[in-house]
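Structure file target.txt; described as compact mmCIF, C-alpha atoms.
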```
# COMPACT_ATOMS: atom_id res chain seq x y z
CA MET P 1 65.38 99.05 115.05
CA LEU P 2 62.75 101.12 116.87
CA HIS P 3 62.57 104.82 116.07
CA SER P 4 61.60 107.50 118.58
CA LEU P 5 58.43 109.54 118.10
CA VAL P 6 60.56 112.60 117.24
CA SER P 7 62.42 110.60 114.58
CA LEU P 8 59.22 109.25 113.05
CA CYS P 9 57.65 112.71 112.94
CA ALA P 10 60.83 114.20 111.43
CA ARG P 11 60.78 111.60 108.64
CA GLU P 12 57.17 112.50 107.85
CA VAL P 13 57.94 116.22 107.80
CA VAL P 14 60.90 115.98 105.38
CA SER P 15 59.14 113.47 103.10
CA ASP P 16 57.17 116.23 101.30
CA HIS P 17 59.54 118.89 100.01
CA SER P 18 56.72 121.03 98.61
CA SER P 19 55.57 121.78 102.14
CA SER P 20 58.96 122.92 103.44
CA PRO P 21 58.26 126.69 103.09
CA ALA P 22 55.34 126.21 105.47
CA TRP P 23 57.30 124.62 108.31
CA LEU P 24 60.88 125.82 107.96
CA ARG P 25 60.11 129.23 109.50
CA TRP P 26 58.59 127.66 112.61
CA VAL P 27 61.10 124.89 113.44
CA PRO P 28 62.58 125.21 116.97
CA ARG P 29 66.36 125.12 116.90
CA GLU P 30 66.46 121.94 119.01
CA LEU P 31 64.65 120.01 116.23
CA TYR P 32 67.06 120.84 113.41
CA GLY P 33 69.28 117.88 114.28
CA ALA P 34 66.42 115.37 114.12
CA LEU P 35 65.17 116.83 110.84
CA LEU P 36 68.62 116.74 109.24
CA GLU P 37 69.13 113.15 110.38
CA ALA P 38 65.73 112.26 108.89
CA ALA P 39 66.59 114.01 105.62
CA PHE P 40 69.76 111.93 105.31
CA ALA P 41 67.98 108.71 106.28
CA CYS P 42 65.18 109.29 103.74
CA CYS P 43 67.55 110.60 101.02
CA ARG P 44 66.01 114.07 100.75
CA PRO P 45 68.88 116.26 99.42
CA LEU P 46 66.64 119.34 98.95
CA ALA P 47 65.63 119.19 102.60
CA VAL P 48 69.28 118.73 103.59
CA GLY P 49 70.26 121.86 101.67
CA GLU P 50 67.50 124.03 103.12
CA LEU P 51 68.14 122.88 106.69
CA VAL P 52 71.87 123.49 106.43
CA GLN P 53 71.40 126.96 104.96
CA ARG P 54 69.20 127.86 107.95
CA TRP P 55 71.28 125.99 110.51
CA PRO P 56 70.90 127.83 113.84
CA GLU P 57 74.10 126.67 115.57
CA ARG P 58 77.76 127.59 115.16
CA SER P 59 78.75 123.98 114.45
CA LEU P 60 77.22 121.15 112.47
CA ARG P 61 78.10 117.50 112.92
CA VAL P 62 76.77 114.72 110.72
CA GLY P 63 77.77 111.12 110.09
CA GLY P 64 79.88 109.22 112.58
CA ARG P 65 80.37 105.47 112.84
CA ARG P 66 77.59 103.55 111.10
CA ARG P 67 75.64 100.92 112.95
CA THR P 68 75.56 97.34 111.65
CA GLY P 69 73.24 97.15 108.66
CA GLN P 70 72.99 100.93 108.32
CA PRO P 71 73.47 102.05 104.67
CA ALA P 72 76.02 104.65 103.67
CA PRO P 73 74.70 108.22 103.36
CA SER P 74 73.50 109.30 99.93
CA ARG P 75 76.11 111.04 97.81
CA LEU P 76 73.44 113.52 96.71
CA CYS P 77 72.77 114.42 100.33
CA ILE P 78 76.46 114.95 101.03
CA GLN P 79 76.78 117.15 97.95
CA ALA P 80 73.69 119.13 99.02
CA LEU P 81 75.20 119.68 102.47
CA LEU P 82 78.52 120.99 101.13
CA LEU P 83 76.84 123.16 98.49
CA ALA P 84 74.59 124.69 101.14
CA VAL P 85 77.59 125.49 103.32
CA VAL P 86 79.48 127.12 100.44
CA ARG P 87 76.35 128.97 99.23
CA GLY P 88 75.70 130.32 102.71
CA LEU P 89 79.26 131.61 102.99
CA ALA P 90 79.10 133.26 99.58
CA GLU P 91 75.73 134.93 100.13
CA ARG P 92 76.03 136.04 103.74
CA GLY P 93 79.58 135.49 104.87
CA THR P 94 78.38 135.17 108.44
CA ALA P 95 76.14 132.74 110.20
CA VAL P 96 76.38 129.58 108.11
CA THR P 97 78.91 127.27 109.68
CA GLY P 98 79.87 123.75 108.70
CA LEU P 99 81.56 121.01 110.61
CA GLY P 100 83.43 122.63 113.45
CA GLY P 101 83.09 126.22 112.15
CA SER P 102 84.48 129.01 114.30
CA LYS P 103 84.81 132.84 114.48
CA PRO P 104 87.95 134.62 115.66
CA GLU P 105 87.51 136.30 119.05
CA ALA P 106 89.18 139.48 117.85
CA GLU P 107 86.31 140.09 115.43
CA GLU P 108 83.53 139.39 117.89
CA LYS P 109 81.92 142.79 117.44
CA GLU P 110 82.28 143.14 113.69
CA THR P 111 79.38 142.54 111.34
CA GLN P 112 81.42 140.43 108.91
CA TRP P 113 82.92 137.28 110.39
CA GLU P 114 85.84 135.33 108.96
CA VAL P 115 84.29 131.90 109.04
CA SER P 116 86.37 128.75 108.65
CA VAL P 117 84.36 125.67 107.79
CA HIS P 118 86.20 122.51 108.78
CA VAL P 119 84.97 119.40 107.00
CA ARG P 120 86.20 116.27 108.72
CA ALA P 121 85.81 113.26 106.44
CA ASP P 122 87.21 109.88 105.43
CA LEU P 123 88.93 110.20 102.04
CA PHE P 124 89.30 107.62 99.27
CA VAL P 125 91.87 108.66 96.68
CA ASN P 126 92.92 106.82 93.54
CA ALA P 127 94.70 107.75 90.31
CA ARG P 128 91.55 109.32 88.85
CA SER P 129 90.63 111.46 91.87
CA TRP P 130 94.16 112.39 92.95
CA GLU P 131 94.27 115.77 91.18
CA ARG P 132 90.82 116.81 92.44
CA VAL P 133 91.72 115.95 96.03
CA ARG P 134 95.05 117.75 95.79
CA SER P 135 93.27 120.83 94.43
CA ALA P 136 90.69 120.73 97.24
CA LEU P 137 93.46 120.58 99.84
CA THR P 138 95.53 123.41 98.34
CA THR P 139 92.88 125.89 97.11
CA PRO P 140 92.56 128.82 99.57
CA GLY P 141 89.15 129.61 100.97
CA PRO P 142 86.94 129.20 104.02
CA LEU P 143 86.35 125.47 103.42
CA ARG P 144 89.05 123.44 105.22
CA LEU P 145 89.18 119.74 104.45
CA GLN P 146 90.41 117.53 107.27
CA CYS P 147 90.88 113.78 106.94
CA ARG P 148 90.34 111.19 109.66
CA TYR P 149 90.95 107.99 107.68
CA LEU P 150 92.77 108.04 104.35
CA ARG P 151 92.52 105.22 101.81
CA VAL P 152 94.65 105.37 98.68
CA GLU P 153 94.77 102.99 95.74
CA GLU P 154 97.11 102.68 92.78
CA ILE P 155 99.09 105.86 93.35
CA SER P 156 102.84 106.17 93.75
CA ALA P 157 104.81 106.65 96.93
CA THR P 158 105.67 110.18 95.79
CA SER P 159 101.99 111.09 95.38
CA ILE P 160 101.17 109.56 98.77
CA ARG P 161 103.90 111.67 100.39
CA THR P 162 102.53 114.79 98.70
CA LEU P 163 99.02 113.97 99.85
CA LEU P 164 100.10 113.35 103.43
CA SER P 165 102.02 116.62 103.53
CA LEU P 166 98.77 118.49 102.73
CA LEU P 167 96.71 116.92 105.52
CA PRO P 168 96.40 118.52 108.97
CA ARG P 169 98.67 116.60 111.32
CA ARG P 170 96.35 116.15 114.31
CA ALA P 171 93.29 114.96 112.35
CA LEU P 172 94.61 111.77 110.73
CA LEU P 173 93.76 108.58 112.63
CA GLY P 174 94.50 105.91 110.03
CA ILE P 175 95.87 105.23 106.55
CA ASP P 176 95.02 102.36 104.20
CA VAL P 177 97.30 101.84 101.15
CA ARG P 178 96.17 99.35 98.49
CA TYR P 179 97.51 98.14 95.14
CA SER P 180 100.34 100.66 95.13
CA SER P 181 103.81 99.51 94.14
CA LEU P 182 105.53 100.96 97.17
CA GLY P 183 108.21 98.35 97.52
CA VAL P 184 110.25 98.10 100.70
CA ALA P 185 112.16 101.29 99.85
CA GLY P 186 108.97 103.29 99.27
CA LEU P 187 107.46 102.19 102.57
CA ALA P 188 110.69 103.00 104.39
CA GLU P 189 110.43 106.55 103.01
CA LEU P 190 106.78 106.93 104.06
CA LEU P 191 107.13 105.77 107.67
CA PRO P 192 109.10 108.80 108.96
CA LEU P 193 106.37 111.05 107.54
CA LEU P 194 103.65 108.96 109.19
CA ALA P 195 105.42 109.38 112.52
CA THR P 196 104.62 113.12 112.41
CA TYR P 197 100.90 112.37 112.84
CA PRO P 198 100.50 112.13 116.62
CA ARG P 199 97.09 110.39 116.62
CA LEU P 200 97.78 107.81 113.90
CA SER P 201 96.54 104.51 115.32
CA SER P 202 95.85 102.38 112.22
CA LEU P 203 98.13 101.35 109.33
CA ARG P 204 96.90 99.03 106.58
CA LEU P 205 99.05 97.88 103.64
CA HIS P 206 97.44 95.63 101.02
CA TYR P 207 99.22 94.29 97.93
CA CYS P 208 101.96 96.91 98.00
CA ASN P 209 104.70 94.84 96.32
CA LEU P 210 106.75 94.21 99.43
CA ASP P 211 108.70 91.03 98.75
CA LEU P 212 111.74 90.05 100.80
CA ARG P 213 112.03 86.50 99.53
CA ARG P 214 114.46 87.40 96.80
CA ASP P 215 118.12 87.82 97.68
CA ASN P 216 118.53 91.45 96.67
CA PRO P 217 121.44 93.60 97.85
CA GLY P 218 120.58 96.04 100.61
CA GLN P 219 117.44 94.27 101.82
CA GLU P 220 118.68 93.83 105.38
CA GLU P 221 119.34 97.56 105.71
CA LEU P 222 115.91 98.39 104.25
CA LEU P 223 114.30 96.03 106.76
CA ARG P 224 116.11 97.79 109.59
CA GLU P 225 114.79 101.10 108.24
CA LEU P 226 111.26 99.68 108.31
CA SER P 227 111.76 98.59 111.89
CA ARG P 228 113.03 102.03 112.94
CA GLY P 229 110.13 103.70 111.13
CA LEU P 230 107.52 101.51 112.85
CA ALA P 231 109.16 102.19 116.21
CA ASP P 232 108.29 105.88 115.81
CA LEU P 233 104.53 105.22 115.44
CA GLN P 234 103.80 105.82 119.12
CA GLU P 235 100.00 105.42 118.98
CA LEU P 236 99.73 102.53 116.51
CA ARG P 237 97.18 99.94 117.67
CA GLN P 238 96.00 98.40 114.39
CA LEU P 239 98.30 96.90 111.77
CA SER P 240 97.16 95.09 108.65
CA LEU P 241 99.65 93.59 106.18
CA THR P 242 98.15 91.67 103.25
CA ALA P 243 100.17 89.67 100.71
CA LEU P 244 103.47 91.35 101.51
CA ARG P 245 105.54 88.15 101.38
CA LEU P 246 107.81 88.72 104.36
CA PRO P 247 108.56 85.16 105.58
CA GLY P 248 110.76 84.97 108.64
CA GLN P 249 110.73 88.77 109.18
CA LEU P 250 107.81 89.21 111.57
CA ARG P 251 110.03 89.67 114.63
CA VAL P 252 111.99 92.45 112.94
CA LEU P 253 108.78 94.30 112.03
CA LEU P 254 106.70 93.88 115.17
CA SER P 255 109.24 93.85 117.98
CA SER P 256 110.07 97.52 117.42
CA LEU P 257 106.49 98.75 117.95
CA PRO P 258 106.38 100.71 121.22
CA GLN P 259 102.80 99.75 122.16
CA PRO P 260 101.09 96.33 121.98
CA LEU P 261 98.74 95.95 119.04
CA GLU P 262 95.01 95.36 119.46
CA VAL P 263 94.28 94.47 115.82
CA LEU P 264 96.72 92.42 113.75
CA GLU P 265 95.83 91.18 110.25
CA LEU P 266 98.40 89.07 108.40
CA PRO P 267 96.58 87.28 105.54
CA TYR P 268 98.56 85.88 102.59
CA LEU P 269 101.83 86.73 104.33
CA SER P 270 103.65 83.41 103.85
CA LEU P 271 104.29 83.20 107.58
CA SER P 272 107.01 80.77 108.55
CA PRO P 273 107.16 78.55 111.68
CA THR P 274 109.64 81.08 113.07
CA ASP P 275 107.14 83.90 112.56
CA LEU P 276 104.35 82.07 114.39
CA ALA P 277 106.68 81.05 117.20
CA TYR P 278 107.65 84.71 117.70
CA LEU P 279 104.05 85.92 117.56
CA SER P 280 102.96 83.42 120.20
CA CYS P 281 105.32 84.94 122.77
CA SER P 282 105.48 88.57 121.60
CA HIS P 283 104.42 91.56 123.69
CA HIS P 284 101.36 91.94 121.43
CA VAL P 285 99.71 88.58 122.02
CA SER P 286 97.99 89.26 125.36
CA SER P 287 96.44 92.50 124.05
CA LEU P 288 95.12 91.23 120.71
CA GLN P 289 91.39 91.72 120.17
CA GLN P 290 91.35 90.84 116.47
CA LEU P 291 93.68 88.44 114.67
CA ASP P 292 93.60 87.37 111.01
CA LEU P 293 95.99 84.61 109.89
CA SER P 294 93.98 83.63 106.81
CA GLU P 295 95.74 81.91 103.90
CA ASN P 296 98.87 81.11 105.90
CA CYS P 297 99.56 77.38 105.75
CA LEU P 298 99.36 75.62 109.12
CA ASP P 299 100.74 72.12 109.73
CA GLU P 300 102.05 69.90 112.52
CA THR P 301 105.13 72.10 112.96
CA THR P 302 103.15 75.31 113.48
CA VAL P 303 100.17 74.03 115.49
CA PRO P 304 102.05 74.18 118.85
CA SER P 305 102.80 77.88 118.26
CA VAL P 306 99.19 78.60 117.33
CA ARG P 307 97.96 76.79 120.45
CA ARG P 308 100.33 78.82 122.61
CA LEU P 309 99.20 82.00 120.85
CA LEU P 310 95.52 81.22 121.50
CA SER P 311 96.25 80.42 125.12
CA GLN P 312 98.04 83.74 125.66
CA ALA P 313 95.30 85.71 123.85
CA SER P 314 92.34 83.83 125.35
CA ARG P 315 91.21 86.67 127.62
CA SER P 316 91.35 89.48 125.05
CA LEU P 317 90.70 87.93 121.63
CA LEU P 318 87.28 88.85 120.18
CA HIS P 319 87.62 88.04 116.47
CA LEU P 320 89.73 85.31 114.87
CA SER P 321 90.12 84.22 111.25
CA LEU P 322 91.91 81.02 110.23
CA SER P 323 90.27 80.72 106.82
CA GLY P 324 92.21 78.98 104.08
CA CYS P 325 94.93 77.68 106.41
CA GLY P 326 94.82 74.04 105.26
CA LEU P 327 93.22 72.77 108.47
CA THR P 328 92.24 69.12 108.15
CA ASP P 329 90.14 67.19 110.66
CA GLY P 330 93.30 66.09 112.43
CA LEU P 331 94.86 69.55 112.66
CA LEU P 332 91.60 71.12 113.76
CA GLY P 333 91.25 68.46 116.44
CA LEU P 334 94.60 69.57 117.85
CA LEU P 335 93.45 73.20 117.92
CA LEU P 336 89.93 72.73 119.29
CA PRO P 337 90.92 72.64 122.99
CA SER P 338 92.78 75.94 122.58
CA LEU P 339 89.97 77.49 120.55
CA GLY P 340 87.49 76.40 123.21
CA GLY P 341 89.57 78.22 125.81
CA CYS P 342 89.10 81.58 124.07
CA TRP P 343 86.17 82.55 126.28
CA ALA P 344 85.90 86.13 125.00
CA LEU P 345 85.78 85.17 121.31
CA LYS P 346 82.74 86.60 119.49
CA SER P 347 83.41 85.57 115.88
CA LEU P 348 85.40 82.73 114.36
CA ALA P 349 86.08 82.27 110.62
CA LEU P 350 87.29 78.90 109.31
CA ALA P 351 86.14 79.01 105.67
CA LEU P 352 87.99 77.18 102.86
CA ASN P 353 89.57 74.52 105.08
CA PRO P 354 89.36 70.86 103.97
CA LEU P 355 87.08 69.53 106.72
CA SER P 356 84.75 66.57 106.59
CA MET P 357 81.24 66.55 108.00
CA ALA P 358 82.54 64.75 111.10
CA GLY P 359 85.12 67.50 111.61
CA LEU P 360 82.44 70.18 111.27
CA VAL P 361 80.26 68.51 113.89
CA GLU P 362 83.15 68.51 116.38
CA LEU P 363 83.81 72.15 115.54
CA VAL P 364 80.20 73.17 116.21
CA ARG P 365 80.14 71.18 119.48
CA THR P 366 83.19 73.11 120.65
CA ALA P 367 81.70 76.41 119.46
CA ALA P 368 78.50 75.72 121.40
CA ARG P 369 80.54 75.61 124.62
CA MET P 370 82.09 79.04 123.98
CA PRO P 371 79.75 81.41 125.84
CA CYS P 372 80.57 84.66 124.01
CA LEU P 373 80.75 83.26 120.49
CA ARG P 374 77.99 84.69 118.32
CA GLN P 375 79.10 83.91 114.76
CA LEU P 376 80.89 80.95 113.15
CA LEU P 377 81.88 80.90 109.49
CA TYR P 378 82.42 77.25 108.58
CA PRO P 379 83.59 75.64 105.31
CA ASN P 380 81.47 73.45 103.09
CA PRO P 381 82.30 69.86 104.06
CA LEU P 382 84.26 67.79 101.57
CA GLU P 383 81.23 65.52 101.12
CA ASP P 384 79.30 68.42 99.54
CA TYR P 385 81.68 68.76 96.57
CA LEU P 386 81.53 66.97 93.25
CA PRO P 387 83.98 64.03 92.96
CA GLY P 388 87.50 64.80 91.79
CA LEU P 389 88.92 67.00 94.52
CA PRO P 390 92.51 66.17 95.56
CA ASP P 391 92.98 64.49 98.94
CA LEU P 392 94.26 67.76 100.43
CA PRO P 393 92.69 70.51 98.32
CA SER P 394 93.97 74.07 98.53
CA SER P 395 91.72 76.99 99.47
CA THR P 396 91.66 78.03 95.79
CA GLN P 397 90.45 74.59 94.77
CA LEU P 398 87.78 74.62 97.49
CA LEU P 399 86.63 78.03 96.31
CA GLU P 400 86.45 77.11 92.62
CA TRP P 401 85.38 73.46 92.72
CA PRO P 402 81.61 73.05 92.14
CA LEU P 403 79.33 71.73 94.86
CA ASP P 404 77.24 68.65 94.20
CA GLU P 405 73.82 70.13 93.40
CA SER P 406 72.20 66.71 93.25
CA THR P 407 72.37 66.48 97.05
CA ASP P 408 70.20 68.31 99.55
CA THR P 409 72.03 71.63 99.99
CA SER P 410 70.35 72.25 103.33
CA ALA P 411 71.32 68.91 104.86
CA THR P 412 74.63 70.21 106.22
CA SER P 413 73.04 73.32 107.70
CA ASN P 414 70.22 71.30 109.26
CA GLN P 415 72.59 68.81 110.85
CA LEU P 416 74.82 71.51 112.33
CA SER P 417 71.80 73.48 113.56
CA LYS P 418 70.59 70.34 115.34
CA VAL P 419 73.94 70.11 117.13
CA LEU P 420 73.42 73.68 118.34
CA THR P 421 69.85 73.01 119.40
CA ASP P 422 70.87 69.92 121.35
CA SER P 423 73.50 72.07 123.09
CA GLY P 424 70.94 74.69 124.08
CA ARG P 425 72.44 77.48 121.97
CA ALA P 426 70.03 79.68 120.03
CA ASP P 427 72.22 82.79 119.96
CA LEU P 428 75.04 81.46 117.75
CA LEU P 429 74.83 82.17 114.02
CA LEU P 430 76.26 79.45 111.76
CA THR P 431 77.02 80.42 108.16
CA CYS P 432 79.05 79.15 105.21
CA ASP P 433 78.40 82.31 103.16
CA LEU P 434 81.94 83.59 102.73
CA LEU P 435 81.05 86.50 100.44
CA ASN P 436 78.54 88.05 102.86
CA TYR P 437 80.34 87.21 106.10
CA ASP P 438 80.85 90.21 108.37
CA LYS P 439 82.52 89.70 111.72
CA ASP P 440 80.93 92.92 113.00
CA LEU P 441 77.55 91.20 112.89
CA ALA P 442 78.65 89.49 116.09
CA LYS P 443 78.09 92.83 117.87
CA PHE P 444 74.49 92.85 116.63
CA PHE P 445 73.78 89.30 117.79
CA SER P 446 75.32 89.94 121.20
CA SER P 447 73.29 93.10 121.83
```

Just give me the structure of the file as structure tokens.
Amino acid sequence: MLHSLVSLCAREVVSDHSSSPAWLRWVPRELYGALLEAAFACCRPLAVGELVQRWPERSLRVGGRRRTGQPAPSRLCIQALLLAVVRGLAERGTAVTGLGGSKPEAEEKETQWEVSVHVRADLFVNARSWERVRSALTTPGPLRLQCRYLRVEEISATSIRTLLSLLPRRALLGIDVRYSSLGVAGLAELLPLLATYPRLSSLRLHYCNLDLRRDNPGQEELLRELSRGLADLQELRQLSLTALRLPGQLRVLLSSLPQPLEVLELPYLSLSPTDLAYLSCSHHVSSLQQLDLSENCLDETTVPSVRRLLSQASRSLLHLSLSGCGLTDGLLGLLLPSLGGCWALKSLALALNPLSMAGLVELVRTAARMPCLRQLLYPNPLEDYLPGLPDLPSSTQLLEWPLDESTDTSATSNQLSKVLTDSGRADLLLTCDLLNYDKDLAKFFSS
């Protein structure tokens, strides 16, 4: 990435902290933003603190959505920023303002301002940090913590309700709950509270112990409660449900949503043929931009529904994952015409499927004809494994079975790259690196 001359000069200025007394007094106010950005980029917490304490504006905004490949900001720099804000308030009580700071109009002419510093952040809360976060949200003072995206892990439904009740209603955009034993009843209790957040657009539930396979009394009523709760999420556009084991219940959950979803992730959900048939004709399908059906078994009975789904989503779908779905050469051959019709698709993930080298070649030939596709995650061909794999290995077996190191490990990559070259495609990234795969890289390769 090319840096502007201002950015390059700012990085040089903040690199030597010993010289800061010489230049801080003479910095024009319009250069503070570039210097602060450079201090974060070069991990200079002392420079961050001094710039924030002298910040010339009434508001200060840092962060935002990271670009592909951009590292997360240094924790030391974030701590320096917050300490400088608090120190400025304690020492002067006036001009130092944090993210979104403001002064009441009624006190415009007074020498002492009542400054509220609003810190808008993404919060990650687990069992160890729960008490500290609760204290930060309930302790009175000028520092107001507002949360945009909340991620919680391994805390109870009661604690999640308490946490949500402390967050400003209009700030929360998304919630991500992981490894918490909510159960169906716990989720049904949370949903009415989530409906009170008018801008909530993203709900992610991962490994939350939702299992409707067992014949327990009262499950049908709980499922209806879930449906009613989801119906109240007026702005929901992204829904991710991982390993919730709700076979045959997808219609009940999704049909009540008032707006069509743009992102739908359903990995490890034990989807049934009925679920896939519903999804292929639901009101969501033509609006989907991202779909993840990984680790749901596909066979001859479900392929027609998947083909219909791909046909209906062909104009909108940008990212698709069918990793670990048990796709053999034959099943993939049935899907390739529909996949090839997804003209807007930018990334396609098919890892951990039992494909032969011949099947991979056909896959890459189809991918080469998809004009917007920029990234393809393919599985290692069966020929690359050591002998002993079952005829139809599972995704777990493909993940754990050792590759044959006596063969040329680059032969597969070279052969597939040649297929691309012969097709005139140099802008399509082929990779079998499941651990480092990132669908968002497709944005980088398309820019």

As AutoDock Vina command-line options, what would the box around stretch 424-432 of chain P look like: edges along x, y and z, 5 Å added on every side, centre and edge lengths in Å to one decimal?
```
--center_x 74.5 --center_y 78.7 --center_z 114.6 --size_x 19.0 --size_y 18.1 --size_z 28.9
```

Check: Quick one: of P:Ser316, P:Gln234, P:Ser395, P:Thr412, who's nearest to P:Leu352, counting only C-alpha atoms?
Finding: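 Answer, going by the shortest atom-to-atom distance: P:Ser395.
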
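As for atom CA of P:Gly88 and atom CA of P:Arg132, they are spaced 22.7 Å apart.
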
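If you look at atom CA of P:Gln146 and atom CA of P:Arg237, they are 21.5 Å away from each other.
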
Notebook entry, point to check: Separation of atom CA of P:Arg199 and atom CA of P:Asp122, in Å?
Noted result: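 Interatomic distance here is 14.9 Å.
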
Margin query: When you count all atoms listed in the file, which of these residues is closest to P:Ser323: P:Val86, P:Ala10, P:Leu345, P:Leu398?
Written below: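 Result for the nearest residue to P:Ser323: P:Leu398.
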